[in-house]
Structures are given as C-alpha cells and as structure tokens.
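Pasting input.tsv here (TSV, C-alpha atoms (C1' of nucleotides)):
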chain	number	residue	atom	x	y	z
A	1	MET	CA	-32.16	30.26	-19.14
A	2	ALA	CA	-30.93	27.68	-16.69
A	3	GLY	CA	-33.32	28.56	-13.89
A	4	GLN	CA	-31.74	28.23	-10.52
A	5	SER	CA	-34.74	27.88	-8.28
A	6	LYS	CA	-35.36	24.26	-7.60
A	7	GLU	CA	-37.06	24.02	-4.28
A	8	ASN	CA	-37.46	20.90	-2.23
A	9	THR	CA	-34.72	18.70	-1.03
A	10	ARG	CA	-33.91	15.96	-3.47
A	11	TYR	CA	-31.74	12.90	-3.42
A	12	VAL	CA	-28.68	12.08	-5.44
A	13	GLY	CA	-27.39	8.65	-4.62
A	14	ASP	CA	-27.22	8.42	-0.87
A	15	THR	CA	-26.58	12.07	-0.43
A	16	VAL	CA	-29.12	14.66	0.51
A	17	ALA	CA	-28.83	17.74	-1.67
A	18	HIS	CA	-30.31	21.04	-0.63
A	19	ASP	CA	-31.43	24.05	-2.50
A	20	ASP	CA	-29.09	26.25	-4.36
A	21	ASP	CA	-29.33	29.00	-1.85
A	22	THR	CA	-28.59	26.71	1.06
A	23	ILE	CA	-25.19	25.93	-0.40
A	24	ASP	CA	-22.35	28.24	0.39
A	25	PHE	CA	-20.90	28.55	-3.10
A	26	GLU	CA	-19.37	31.88	-2.23
A	27	ILE	CA	-16.92	30.64	0.38
A	28	ILE	CA	-16.31	27.41	-1.52
A	29	GLU	CA	-15.01	29.46	-4.44
A	30	LEU	CA	-13.09	31.94	-2.33
A	31	LEU	CA	-11.33	29.02	-0.71
A	32	PHE	CA	-10.51	27.50	-4.08
A	33	PHE	CA	-8.94	30.66	-5.48
A	34	ALA	CA	-7.20	31.59	-2.24
A	35	TYR	CA	-5.55	28.20	-1.96
A	36	ARG	CA	-4.69	28.00	-5.63
A	37	ASP	CA	-2.77	31.25	-5.49
A	38	PHE	CA	-1.33	30.58	-2.06
A	39	THR	CA	0.28	27.34	-3.23
A	40	SER	CA	1.49	28.87	-6.46
A	41	ASP	CA	3.82	31.19	-4.55
A	42	PRO	CA	6.62	28.72	-3.89
A	43	ASP	CA	6.39	27.01	-7.26
A	44	ALA	CA	8.88	29.25	-9.01
A	45	ILE	CA	11.52	28.60	-6.36
A	46	LEU	CA	10.80	24.88	-6.38
A	47	GLU	CA	11.21	24.57	-10.13
A	48	LYS	CA	14.75	25.87	-10.02
A	49	GLY	CA	15.83	22.82	-8.04
A	50	GLY	CA	13.72	20.39	-10.02
A	51	PHE	CA	11.42	19.89	-7.09
A	52	GLY	CA	7.66	19.92	-6.83
A	53	ARG	CA	5.01	20.40	-4.21
A	54	ALA	CA	5.53	16.94	-2.85
A	55	HIS	CA	9.10	17.89	-1.93
A	56	HIS	CA	7.86	21.11	-0.42
A	57	ARG	CA	5.48	19.33	1.92
A	58	VAL	CA	8.08	16.83	3.06
A	59	LEU	CA	10.66	19.51	3.64
A	60	HIS	CA	8.18	21.67	5.48
A	61	PHE	CA	7.12	19.05	7.98
A	62	VAL	CA	10.60	17.71	8.62
A	63	ASP	CA	11.74	21.27	9.20
A	64	ARG	CA	8.87	21.97	11.56
A	65	GLU	CA	9.27	18.76	13.52
A	66	PRO	CA	12.93	17.81	13.51
A	67	GLY	CA	13.59	14.21	14.39
A	68	MET	CA	10.27	12.92	13.15
A	69	THR	CA	10.41	9.38	11.82
A	70	VAL	CA	9.39	8.11	8.41
A	71	ALA	CA	6.23	6.67	9.95
A	72	ASP	CA	5.36	10.05	11.49
A	73	LEU	CA	5.76	11.66	8.12
A	74	LEU	CA	3.59	9.09	6.38
A	75	ASP	CA	0.92	9.69	8.94
A	76	THR	CA	1.05	13.44	8.54
A	77	LEU	CA	1.04	13.45	4.77
A	78	LYS	CA	-1.39	10.57	4.41
A	79	ILE	CA	0.43	9.07	1.46
A	80	THR	CA	2.00	5.65	1.01
A	81	LYS	CA	5.53	4.63	1.85
A	82	GLN	CA	6.32	4.09	-1.82
A	83	SER	CA	5.09	7.54	-2.75
A	84	LEU	CA	7.15	9.13	-0.04
A	85	ALA	CA	10.24	7.11	-0.90
A	86	ARG	CA	11.00	8.75	-4.22
A	87	VAL	CA	10.56	12.27	-2.96
A	88	LEU	CA	12.41	11.70	0.28
A	89	LYS	CA	15.29	10.01	-1.50
A	90	GLN	CA	15.70	12.99	-3.79
A	91	LEU	CA	15.75	15.38	-0.85
A	92	ILE	CA	18.33	13.26	0.92
A	93	ASP	CA	20.48	12.86	-2.19
A	94	SER	CA	20.31	16.59	-2.77
A	95	GLY	CA	21.51	17.25	0.75
A	96	TYR	CA	18.39	18.95	2.11
A	97	ILE	CA	17.38	16.24	4.53
A	98	ARG	CA	19.50	13.80	6.51
A	99	GLN	CA	18.59	10.64	8.32
A	100	VAL	CA	19.81	9.55	11.72
A	101	THR	CA	19.31	6.06	13.06
A	102	GLY	CA	16.93	6.15	16.01
A	103	PRO	CA	18.84	6.15	19.32
A	104	GLU	CA	16.36	3.88	21.06
A	105	ASP	CA	14.92	1.91	18.19
A	106	ARG	CA	17.58	1.47	15.56
A	107	ARG	CA	15.04	0.48	12.93
A	108	GLN	CA	13.77	4.02	12.86
A	109	ARG	CA	15.19	6.82	10.74
A	110	MET	CA	14.85	10.19	12.38
A	111	LEU	CA	14.66	12.97	9.83
A	112	TYR	CA	16.32	16.36	10.04
A	113	THR	CA	16.75	19.22	7.64
A	114	THR	CA	20.33	20.20	6.87
A	115	GLU	CA	21.29	23.87	6.92
A	116	GLU	CA	20.51	24.05	3.21
A	117	GLY	CA	17.23	22.30	3.85
A	118	GLN	CA	16.30	24.79	6.53
A	119	ALA	CA	17.18	27.69	4.29
A	120	LEU	CA	15.11	26.26	1.45
A	121	ALA	CA	12.15	25.56	3.71
A	122	ARG	CA	12.17	29.14	4.91
A	123	ALA	CA	12.64	30.55	1.44
A	124	LEU	CA	9.56	28.62	0.35
A	125	ALA	CA	7.49	29.70	3.32
A	126	GLU	CA	8.44	33.32	3.06
A	127	PRO	CA	6.23	34.40	0.14
A	128	GLN	CA	3.33	32.48	1.63
A	129	SER	CA	3.85	34.19	4.96
A	130	ARG	CA	3.97	37.55	3.24
A	131	ARG	CA	0.72	36.84	1.45
A	132	ILE	CA	-0.94	35.88	4.72
A	133	ALA	CA	0.35	38.95	6.54
A	134	HIS	CA	-0.88	41.16	3.77
A	135	ALA	CA	-4.32	39.55	3.71
A	136	LEU	CA	-4.67	39.73	7.47
A	137	ALA	CA	-3.69	43.37	7.50
A	138	LYS	CA	-6.21	44.15	4.80
A	139	THR	CA	-8.94	42.25	6.58
A	140	GLY	CA	-8.65	44.31	9.72
A	141	PRO	CA	-7.88	44.04	13.42
A	142	GLY	CA	-8.79	40.79	15.07
A	143	ALA	CA	-8.67	39.00	11.74
A	144	ARG	CA	-5.87	36.73	12.83
A	145	GLU	CA	-7.79	35.19	15.72
A	146	THR	CA	-10.93	34.69	13.67
A	147	VAL	CA	-9.08	33.19	10.72
A	148	LYS	CA	-7.16	30.84	13.00
A	149	ARG	CA	-10.32	29.61	14.65
A	150	PHE	CA	-12.07	29.18	11.34
A	151	LEU	CA	-9.26	27.24	9.70
A	152	ALA	CA	-8.77	25.05	12.75
A	153	SER	CA	-12.47	24.18	12.70
A	154	MET	CA	-12.32	23.30	9.03
A	155	LYS	CA	-9.89	20.52	9.76
A	156	ASN	CA	-11.06	16.98	10.46
A	157	GLY	CA	-11.17	15.95	14.08
A	158	ALA	CA	-11.18	19.52	15.27
A	159	GLY	CA	-13.42	18.36	18.09
A	160	ASP	CA	-17.04	19.16	17.46
B	1	MET	CA	3.12	37.34	18.51
B	2	ALA	CA	4.97	36.64	15.32
B	3	GLY	CA	6.36	40.11	14.97
B	4	GLN	CA	7.02	41.37	11.53
B	5	SER	CA	10.48	42.76	12.22
B	6	LYS	CA	13.06	41.73	9.67
B	7	GLU	CA	16.11	40.94	11.72
B	8	ASN	CA	19.00	39.05	10.25
B	9	THR	CA	17.79	38.80	6.73
B	10	ARG	CA	19.78	36.28	4.72
B	11	TYR	CA	19.78	35.17	1.13
B	12	VAL	CA	19.01	31.84	-0.44
B	13	GLY	CA	19.50	31.93	-4.14
B	14	ASP	CA	17.76	35.05	-5.30
B	15	THR	CA	15.23	34.93	-2.56
B	16	VAL	CA	15.25	36.85	0.66
B	17	ALA	CA	14.63	34.60	3.63
B	18	HIS	CA	13.73	35.83	7.08
B	19	ASP	CA	14.09	34.41	10.53
B	20	ASP	CA	12.00	31.62	11.84
B	21	ASP	CA	9.80	33.76	14.00
B	22	THR	CA	9.00	36.21	11.24
B	23	ILE	CA	7.40	33.43	9.25
B	24	ASP	CA	3.78	32.60	9.88
B	25	PHE	CA	4.12	28.84	10.03
B	26	GLU	CA	0.99	28.60	12.13
B	27	ILE	CA	-1.44	29.83	9.54
B	28	ILE	CA	0.48	28.15	6.72
B	29	GLU	CA	-0.15	24.81	8.40
B	30	LEU	CA	-3.73	25.55	9.36
B	31	LEU	CA	-4.42	26.38	5.75
B	32	PHE	CA	-2.80	23.17	4.56
B	33	PHE	CA	-4.84	20.93	6.83
B	34	ALA	CA	-8.06	22.87	6.38
B	35	TYR	CA	-7.84	22.63	2.61
B	36	ARG	CA	-6.74	19.02	2.61
B	37	ASP	CA	-9.79	17.97	4.59
B	38	PHE	CA	-12.12	20.35	2.80
B	39	THR	CA	-11.27	18.85	-0.57
B	40	SER	CA	-11.46	15.30	0.74
B	41	ASP	CA	-15.18	15.69	1.39
B	42	PRO	CA	-16.39	15.17	-2.17
B	43	ASP	CA	-13.86	12.48	-3.03
B	44	ALA	CA	-15.99	9.56	-1.93
B	45	ILE	CA	-18.90	10.69	-4.11
B	46	LEU	CA	-16.58	11.35	-7.04
B	47	GLU	CA	-15.03	7.89	-6.91
B	48	LYS	CA	-18.37	6.19	-7.41
B	49	GLY	CA	-18.66	7.71	-10.85
B	50	GLY	CA	-15.01	7.17	-11.75
B	51	PHE	CA	-14.36	10.88	-11.61
B	52	GLY	CA	-11.62	12.88	-9.94
B	53	ARG	CA	-11.06	16.36	-8.68
B	54	ALA	CA	-10.48	17.66	-12.18
B	55	HIS	CA	-14.03	16.69	-13.09
B	56	HIS	CA	-15.30	18.29	-9.93
B	57	ARG	CA	-13.72	21.62	-10.77
B	58	VAL	CA	-15.04	21.64	-14.32
B	59	LEU	CA	-18.51	20.68	-13.24
B	60	HIS	CA	-18.50	23.26	-10.49
B	61	PHE	CA	-17.61	26.20	-12.68
B	62	VAL	CA	-19.91	25.26	-15.53
B	63	ASP	CA	-22.70	24.88	-13.02
B	64	ARG	CA	-21.95	28.25	-11.48
B	65	GLU	CA	-21.65	30.08	-14.75
B	66	PRO	CA	-23.97	28.46	-17.25
B	67	GLY	CA	-23.13	29.23	-20.85
B	68	MET	CA	-19.45	29.82	-20.27
B	69	THR	CA	-17.26	28.93	-23.22
B	70	VAL	CA	-14.34	26.54	-23.34
B	71	ALA	CA	-11.98	29.52	-23.39
B	72	ASP	CA	-13.64	30.95	-20.26
B	73	LEU	CA	-13.15	27.66	-18.52
B	74	LEU	CA	-9.50	27.39	-19.49
B	75	ASP	CA	-8.95	30.86	-18.15
B	76	THR	CA	-10.67	30.09	-14.86
B	77	LEU	CA	-8.94	26.80	-14.27
B	78	LYS	CA	-5.59	27.89	-15.60
B	79	ILE	CA	-4.87	24.60	-17.29
B	80	THR	CA	-4.22	23.78	-20.92
B	81	LYS	CA	-6.76	22.97	-23.57
B	82	GLN	CA	-5.42	19.43	-23.86
B	83	SER	CA	-5.73	18.85	-20.14
B	84	LEU	CA	-9.28	20.07	-20.12
B	85	ALA	CA	-10.24	18.06	-23.19
B	86	ARG	CA	-10.19	14.61	-21.65
B	87	VAL	CA	-12.05	15.62	-18.51
B	88	LEU	CA	-14.64	17.66	-20.35
B	89	LYS	CA	-15.22	14.89	-22.88
B	90	GLN	CA	-15.88	12.40	-20.10
B	91	LEU	CA	-18.37	14.73	-18.47
B	92	ILE	CA	-20.15	15.26	-21.78
B	93	ASP	CA	-20.17	11.55	-22.65
B	94	SER	CA	-21.53	10.78	-19.19
B	95	GLY	CA	-24.34	13.24	-19.70
B	96	TYR	CA	-23.41	15.75	-17.01
B	97	ILE	CA	-22.48	18.60	-19.30
B	98	ARG	CA	-23.79	19.56	-22.70
B	99	GLN	CA	-22.46	21.89	-25.35
B	100	VAL	CA	-24.39	24.39	-27.37
B	101	THR	CA	-22.97	26.12	-30.42
B	102	GLY	CA	-22.57	29.82	-29.70
B	103	PRO	CA	-25.52	31.80	-31.09
B	104	GLU	CA	-23.38	34.73	-32.19
B	105	ASP	CA	-20.05	33.08	-32.81
B	106	ARG	CA	-20.61	29.58	-34.01
B	107	ARG	CA	-17.04	28.57	-33.30
B	108	GLN	CA	-17.75	28.76	-29.61
B	109	ARG	CA	-19.18	25.98	-27.51
B	110	MET	CA	-21.27	27.24	-24.64
B	111	LEU	CA	-21.28	24.85	-21.73
B	112	TYR	CA	-24.22	23.93	-19.54
B	113	THR	CA	-24.80	21.35	-16.87
B	114	THR	CA	-27.63	18.91	-17.52
B	115	GLU	CA	-30.10	18.17	-14.74
B	116	GLU	CA	-27.91	15.27	-13.67
B	117	GLY	CA	-24.89	17.53	-13.79
B	118	GLN	CA	-26.59	20.09	-11.60
B	119	ALA	CA	-27.61	17.44	-9.14
B	120	LEU	CA	-24.08	16.06	-9.00
B	121	ALA	CA	-22.54	19.50	-8.62
B	122	ARG	CA	-24.79	20.21	-5.69
B	123	ALA	CA	-24.23	16.83	-4.12
B	124	LEU	CA	-20.50	17.50	-4.24
B	125	ALA	CA	-20.80	20.99	-2.82
B	126	GLU	CA	-23.13	20.00	-0.03
B	127	PRO	CA	-20.63	18.39	2.37
B	128	GLN	CA	-18.22	21.23	1.78
B	129	SER	CA	-20.92	23.77	2.52
B	130	ARG	CA	-21.80	21.91	5.68
B	131	ARG	CA	-18.21	21.94	6.81
B	132	ILE	CA	-17.98	25.66	6.22
B	133	ALA	CA	-21.23	26.40	8.03
B	134	HIS	CA	-20.08	24.36	10.96
B	135	ALA	CA	-16.69	26.07	11.12
B	136	LEU	CA	-18.22	29.53	10.83
B	137	ALA	CA	-20.69	28.78	13.59
B	138	LYS	CA	-17.93	27.53	15.83
B	139	THR	CA	-15.79	30.55	15.13
B	140	GLY	CA	-18.39	32.99	16.29
B	141	PRO	CA	-20.52	35.91	15.13
B	142	GLY	CA	-19.06	38.04	12.41
B	143	ALA	CA	-16.79	35.21	11.33
B	144	ARG	CA	-18.32	35.05	7.89
B	145	GLU	CA	-17.45	38.61	6.94
B	146	THR	CA	-13.91	38.34	8.25
B	147	VAL	CA	-13.26	35.01	6.58
B	148	LYS	CA	-14.63	36.28	3.29
B	149	ARG	CA	-12.42	39.34	3.38
B	150	PHE	CA	-9.38	37.30	4.31
B	151	LEU	CA	-9.86	34.70	1.59
B	152	ALA	CA	-10.56	37.32	-1.05
B	153	SER	CA	-7.33	39.11	-0.13
B	154	MET	CA	-5.36	35.88	-0.38
B	155	LYS	CA	-6.22	35.62	-4.04
B	156	ASN	CA	-3.99	37.09	-6.72
B	157	GLY	CA	-5.07	40.39	-8.16
B	158	ALA	CA	-7.26	41.14	-5.19
B	159	GLY	CA	-6.26	44.75	-5.63
B	160	ASP	CA	-3.62	45.82	-3.15
C	1	DA	C1'	-12.51	36.67	-52.55
C	2	DA	C1'	-8.44	35.48	-50.31
C	3	DA	C1'	-5.78	35.51	-46.26
C	4	DA	C1'	-5.27	35.67	-41.46
C	5	DA	C1'	-6.85	35.08	-36.99
C	6	DT	C1'	-9.65	32.63	-33.68
C	7	DA	C1'	-12.15	28.77	-31.07
C	8	DT	C1'	-12.13	24.33	-30.65
C	9	DG	C1'	-10.72	19.50	-31.12
C	10	DT	C1'	-7.34	15.83	-31.32
C	11	DC	C1'	-2.98	12.93	-31.63
C	12	DA	C1'	1.36	11.82	-29.49
C	13	DA	C1'	4.87	11.98	-26.14
C	14	DT	C1'	6.33	13.21	-21.46
C	15	DA	C1'	6.35	14.14	-16.42
C	16	DA	C1'	4.93	14.43	-11.48
C	17	DG	C1'	2.91	12.34	-7.98
C	18	DG	C1'	-0.13	9.35	-6.38
C	19	DC	C1'	-1.52	4.07	-5.95
C	20	DT	C1'	-1.12	-1.43	-5.09
C	21	DG	C1'	1.41	-5.68	-4.55
C	22	DA	C1'	5.38	-8.17	-3.48
C	23	DC	C1'	9.45	-8.92	-1.28
C	24	DA	C1'	14.04	-7.83	1.35
C	25	DT	C1'	16.56	-6.35	5.50
C	26	DA	C1'	17.46	-5.07	10.06
C	27	DT	C1'	15.84	-4.83	14.52
C	28	DT	C1'	12.79	-5.42	18.37
C	29	DT	C1'	9.27	-7.93	20.79
C	30	DT	C1'	7.07	-12.06	22.08
D	1	DA	C1'	13.28	-19.14	17.68
D	2	DA	C1'	9.39	-16.91	15.81
D	3	DA	C1'	6.65	-13.02	14.97
D	4	DA	C1'	6.04	-8.28	14.50
D	5	DT	C1'	7.73	-3.79	13.17
D	6	DA	C1'	10.22	0.08	10.53
D	7	DT	C1'	12.09	0.89	6.58
D	8	DG	C1'	13.57	0.27	1.75
D	9	DT	C1'	12.89	-1.10	-2.98
D	10	DC	C1'	11.27	-3.23	-7.46
D	11	DA	C1'	7.66	-3.19	-10.85
D	12	DG	C1'	3.63	-1.71	-12.88
D	13	DC	C1'	-0.49	1.20	-13.13
D	14	DC	C1'	-3.56	5.54	-12.84
D	15	DT	C1'	-4.73	10.54	-12.96
D	16	DT	C1'	-3.79	14.96	-14.05
D	17	DA	C1'	-1.04	17.90	-15.82
D	18	DT	C1'	2.45	19.45	-19.54
D	19	DT	C1'	4.29	20.69	-24.67
D	20	DG	C1'	4.16	20.44	-29.62
D	21	DA	C1'	1.89	19.68	-33.87
D	22	DC	C1'	-1.77	19.74	-36.71
D	23	DA	C1'	-7.01	19.66	-38.32
D	24	DT	C1'	-11.50	21.95	-38.79
D	25	DA	C1'	-14.88	25.40	-38.80
D	26	DT	C1'	-15.83	30.04	-38.52
D	27	DT	C1'	-15.07	34.94	-38.25
D	28	DT	C1'	-12.37	38.98	-39.20
D	29	DT	C1'	-9.16	41.53	-41.93
D	30	DT	C1'	-7.08	42.90	-45.97

Structure re-expressed in structure tokens:
Amino acid sequence: MAGQSKENTRYVGDTVAHDDDTIDFEIIELLFFAYRDFTSDPDAILEKGGFGRAHHRVLHFVDREPGMTVADLLDTLKITKQSLARVLKQLIDSGYIRQVTGPEDRRQRMLYTTEEGQALARALAEPQSRRIAHALAKTGPGARETVKRFLASMKNGAGD
Amino acid sequence: MAGQSKENTRYVGDTVAHDDDTIDFEIIELLFFAYRDFTSDPDAILEKGGFGRAHHRVLHFVDREPGMTVADLLDTLKITKQSLARVLKQLIDSGYIRQVTGPEDRRQRMLYTTEEGQALARALAEPQSRRIAHALAKTGPGARETVKRFLASMKNGAGD
DNA sequence: AAAAATATGTCAATAAGGCTGACATATTTT
DNA sequence: AAAATATGTCAGCCTTATTGACATATTTTT
C-alpha cells in the first residue's frame, strides 16, 4: 500500500528531491494549519464591513507605519498599483484611511489611518494577539524569544 | 515587554479592543512575512505546470494520507465540493492523482498520488523543508520542540 | 421493495483579489 | 523644455473561492 521508502535522491525537473524522511512534513503542516486558523480570526469582523483580507493588510500596515506613501505600501505588500487601488479607495471612501499630499514631494500621498481606522485595525489584531499570547503561554517560558528568532529567519533576506 | 494588562479597554462594534501596547504586533508581522515567503517557495515550480496553490494543497494532503476520500479532503481543506472539483479534476487529468472506487463503500473515491504526483509533491515540499531546517538551525538548539509546540497551539481545537 | 440518505459529480452564476497593458495628470528632476 | 516619477484610472483577464440546483450511483432505513 503506497510504500513510502524510496531511497536515493532523484530529479524532478531542475529540482533535487530528497527522501521522504529528509523532508520536514511535520512542520510544513503545522505551519499550514496554524496560519489558516490565525488568519481566520479577523474574518468575521471584516465581513461585517464588507471588507476582506486585502483591506486588512492595507489597514494594518498603514496603521503601523503612519505616513507611508503608496509606493511604500506597494513595496511592502508586493502587489500591483491597480490591485491596491481598488482596496485603498474603498478604505478611503469608508473613512478608515486618509491621504495627505506629501509636504516635500507633492506628488506623493502619505497615508494615515483615521480614528475609526485605528480602532478597526486594533479590533482586527486583537483576536490574533490573544491567540499568540495563549500559544506562547502554553508553549512555555522562553518561547517568545525562540519563536521570534524562528519566524524572523523564515523570512526572505533575513541575512544568512 | 508587551505587558498583558488591559488598561483602557474600549469598544469597536461588538468587539473589545485593547491598547496599542497590549497587542502583539511584532509576532503578528513576523508571522505574516514568514508565511508569505514560505509559501512563495513552491510557486515557481507550480507555475511551470500551470498549477496554483490550490493544486499544491490538494496534492500535499493526498500524498500525505494516501487513500483519503473526497469528503476527507473537503474537511481538511475547508473548501466546498465545487471548489475542489476543478482543481482535483486537473490533477487527475494531468496524471498526478488517481481515484480508486472504495472497496467497502463503492460510492467513495479513494485518492492516491501517482509516482509523478509523489515526485511533484516532494519537489514542492523540498524548498520549504530547506527553509525550515535553515531557520531552525539559526534559531538554536531546542528550537524544533518549541516551534512545534507553538504552532500546534496556534491551531484551532488544539485543546486549551 | 421502496424510500431516504449519502458520496460524488457537474452546471451556472457570482465575488474577491490578484494580474497586464495602456493612458492621464501633476509634479519634480534633468 | 524634456524626461522621469508618483499616482490614478479604464478595461479586460485569471484563479480560487462561493452558493444553489440538480444528476447519478450506492448504501441504509423503513
């Protein structure tokens, strides 16, 4: 029945594939489920306002870095201008984000959350924060430092 | 750091929102970037075959649990039958997954990866596994246990 | 045996959130 | 004055998800 032992490295396209047991399926799956449930937390709140995860991300980063420009945001989110436009427009029209013409370069639009935007951003982050606090507490002392280091190293360009 | 005290609780809609400093923005962001880059690893390979992340997930779980039924898969992925249908059909037509009529209940379709499917699943998992190994090594000894416990606790129904 | 429930498949319409290409406008830099 | 830059916008397309409705085969219940 679907034997798992297939020794010897083999090749699939350009990519070297290793044995079953050399692949960390355990953490791959844990990460999948953890992130799936972590991101599902704010969804209920988002739905009420007719927003989605795209709005959440925009709101989050503008809230965390007030005064960031549209270009900054595009760079952070790694999406296109046209993709951002729709979502950003809705957030502006709904009064959660406001734009201020750049004081030095008047072509720029500096982005800020309004009071309502700030409140929404925090309301969205709160259940996620709770989940994290709970998981860290359950994991044990020192977990926070280890988890931080691990996650930071998982990111691209974390400096080898 | 980031004390848990609940000063100045205020309300946004039905949801209780806490102060800035009681919210763990640091790990929220680390998780966002870590997962974004983690999932970007297999994308290049996927594109070559005209597949997307949906195909990746299906292939992954069928590979990990050979013989799972369509219902099992729907339950794991938490998507609808109609959403699964298209993706699964493409994987079957491409020869990566095959269906076997259930030996006890002939209504069921047990799912298995073909040899090509197995090879693809492993090729996709390999860069992710590498990234994890690298991050764990950088984090230090004992990181694996801590990270596993943390991620497991982040999942829903992890048992309080 | 007939009826109901179940597992799966499929058609059609809709939505969110990405994408590319093309072009407009205001502003700054050369 | 010309070129480059930051932003906005129109139009069309793709993927992945949704809901609702209905078809088929098979198993379970009555």

Can you build me a table of segment 25-136 of chain B residues sitting at most 10 Å from segment 7-27 of chain C, with the closest atom pair per residue and its distance in Å to one decimal, using only C-alpha atoms (C1' of nucleotides), sorted by chain and residue number, as a tab-separated table?
residue	atom	partner	partner_atom	distance
B:Thr69	CA	C:DA7	C1'	9.4
B:Val70	CA	C:DT8	C1'	8.0
B:Ala71	CA	C:DA7	C1'	7.7
B:Lys81	CA	C:DT8	C1'	9.0
B:Gln82	CA	C:DT10	C1'	8.5
B:Ala85	CA	C:DG9	C1'	8.1
B:Asp105	CA	C:DA7	C1'	9.2
B:Arg106	CA	C:DA7	C1'	9.0
B:Arg107	CA	C:DA7	C1'	5.4
B:Gln108	CA	C:DA7	C1'	5.8
B:Arg109	CA	C:DT8	C1'	7.9

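Chain copies chain A and chain B align, over all their C-alpha atoms in order, to a least-squares RMSD of 3.3 Å.
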
**Request:** Excluding Arg131 of chain A and any residue of its chain fewer than 3 positions from it, enumerate the residues within 8 Å of it, using all atoms listed in the file, and give them as a PyMOL selection string.
**Result:** (chain A and resi 38+127-128+134-135) or (chain B and resi 154)

Output for the residues just chosen: C-alpha atoms as a short mmCIF file (atom, residue, chain, number, x, y, z; two decimals), keeping the file's coordinate frame:
data_model
loop_
_atom_site.label_atom_id
_atom_site.label_comp_id
_atom_site.auth_asym_id
_atom_site.auth_seq_id
_atom_site.Cartn_x
_atom_site.Cartn_y
_atom_site.Cartn_z
CA PHE A 38 -1.33 30.58 -2.06
CA PRO A 127 6.23 34.40 0.14
CA GLN A 128 3.33 32.48 1.63
CA HIS A 134 -0.88 41.16 3.77
CA ALA A 135 -4.32 39.55 3.71
CA MET B 154 -5.36 35.88 -0.38
#

**Message:** With all atoms listed in the file considered, list every residue of chain D at most 8 Å from chain B, as a PyMOL selection string.
**Reply:** chain D and resi 15-17+25-27

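Take atom CA of Gly142 of chain A and atom CA of Phe32 of chain B: the distance between them is 21.4 Å.
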
**Request:** Quick one: pull the distance between atom C1' of DA11 of chain D and atom CA of Arg57 of chain A, Å, one decimal.
**Result:** 26.0 Å

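Relative to atom CA of Pro66 of chain B, atom CA of Gln90 of chain B is found at 18.2 Å.
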
Quick one: 5 Å padding each side, axis-aligned, all listed atoms of segment 2-20 of chain D - centre and edge lengths in Å to one decimal, as lines of an AutoDock Vina configuration file?
center_x = 4.4
center_y = 1.9
center_z = -6.9
size_x = 28.3
size_y = 47.6
size_z = 55.4

**Message:** Within 12 Å of (-19.4, 28.5, -11.2) (file coordinates; only C-alpha atoms (C1' of nucleotides)), which protein or nucleic acid residues are there? I'd like them as a PyMOL selection string.
**Reply:** (chain A and resi 24-26+28-30+32) or (chain B and resi 56-68+72-73+76-77+111-113+118+121-122+125)

Just need the residues of chain B within 8 Å of chain A, counting all atoms listed in the file, so spit them out as a compact mmCIF listing (two decimals) with C-alpha atoms, in the coordinates of the input.
# COMPACT_ATOMS: atom_id res chain seq x y z
CA VAL B 12 19.01 31.84 -0.44
CA THR B 15 15.23 34.93 -2.56
CA VAL B 16 15.25 36.85 0.66
CA ALA B 17 14.63 34.60 3.63
CA HIS B 18 13.73 35.83 7.08
CA ASP B 19 14.09 34.41 10.53
CA ASP B 20 12.00 31.62 11.84
CA ILE B 23 7.40 33.43 9.25
CA ASP B 24 3.78 32.60 9.88
CA PHE B 25 4.12 28.84 10.03
CA ILE B 27 -1.44 29.83 9.54
CA ILE B 28 0.48 28.15 6.72
CA LEU B 30 -3.73 25.55 9.36
CA LEU B 31 -4.42 26.38 5.75
CA PHE B 33 -4.84 20.93 6.83
CA ALA B 34 -8.06 22.87 6.38
CA TYR B 35 -7.84 22.63 2.61
CA ARG B 36 -6.74 19.02 2.61
CA ASP B 37 -9.79 17.97 4.59
CA PHE B 38 -12.12 20.35 2.80
CA PRO B 66 -23.97 28.46 -17.25
CA ALA B 119 -27.61 17.44 -9.14
CA LEU B 120 -24.08 16.06 -9.00
CA ARG B 122 -24.79 20.21 -5.69
CA ALA B 123 -24.23 16.83 -4.12
CA ALA B 125 -20.80 20.99 -2.82
CA GLU B 126 -23.13 20.00 -0.03
CA GLN B 128 -18.22 21.23 1.78
CA SER B 129 -20.92 23.77 2.52
CA ARG B 131 -18.21 21.94 6.81
CA ILE B 132 -17.98 25.66 6.22
CA ALA B 133 -21.23 26.40 8.03
CA HIS B 134 -20.08 24.36 10.96
CA ALA B 135 -16.69 26.07 11.12
CA LEU B 136 -18.22 29.53 10.83
CA LYS B 138 -17.93 27.53 15.83
CA THR B 139 -15.79 30.55 15.13
CA ALA B 143 -16.79 35.21 11.33
CA THR B 146 -13.91 38.34 8.25
CA VAL B 147 -13.26 35.01 6.58
CA LYS B 148 -14.63 36.28 3.29
CA ARG B 149 -12.42 39.34 3.38
CA PHE B 150 -9.38 37.30 4.31
CA LEU B 151 -9.86 34.70 1.59
CA ALA B 152 -10.56 37.32 -1.05
CA SER B 153 -7.33 39.11 -0.13
CA MET B 154 -5.36 35.88 -0.38
CA LYS B 155 -6.22 35.62 -4.04
CA ASN B 156 -3.99 37.09 -6.72

**Complete:** Shortest contact to chain C, candidates A:Gln99, A:His55, A:Gly159, A:Asp75, atoms counted all atoms listed in the file, goes to A:His55
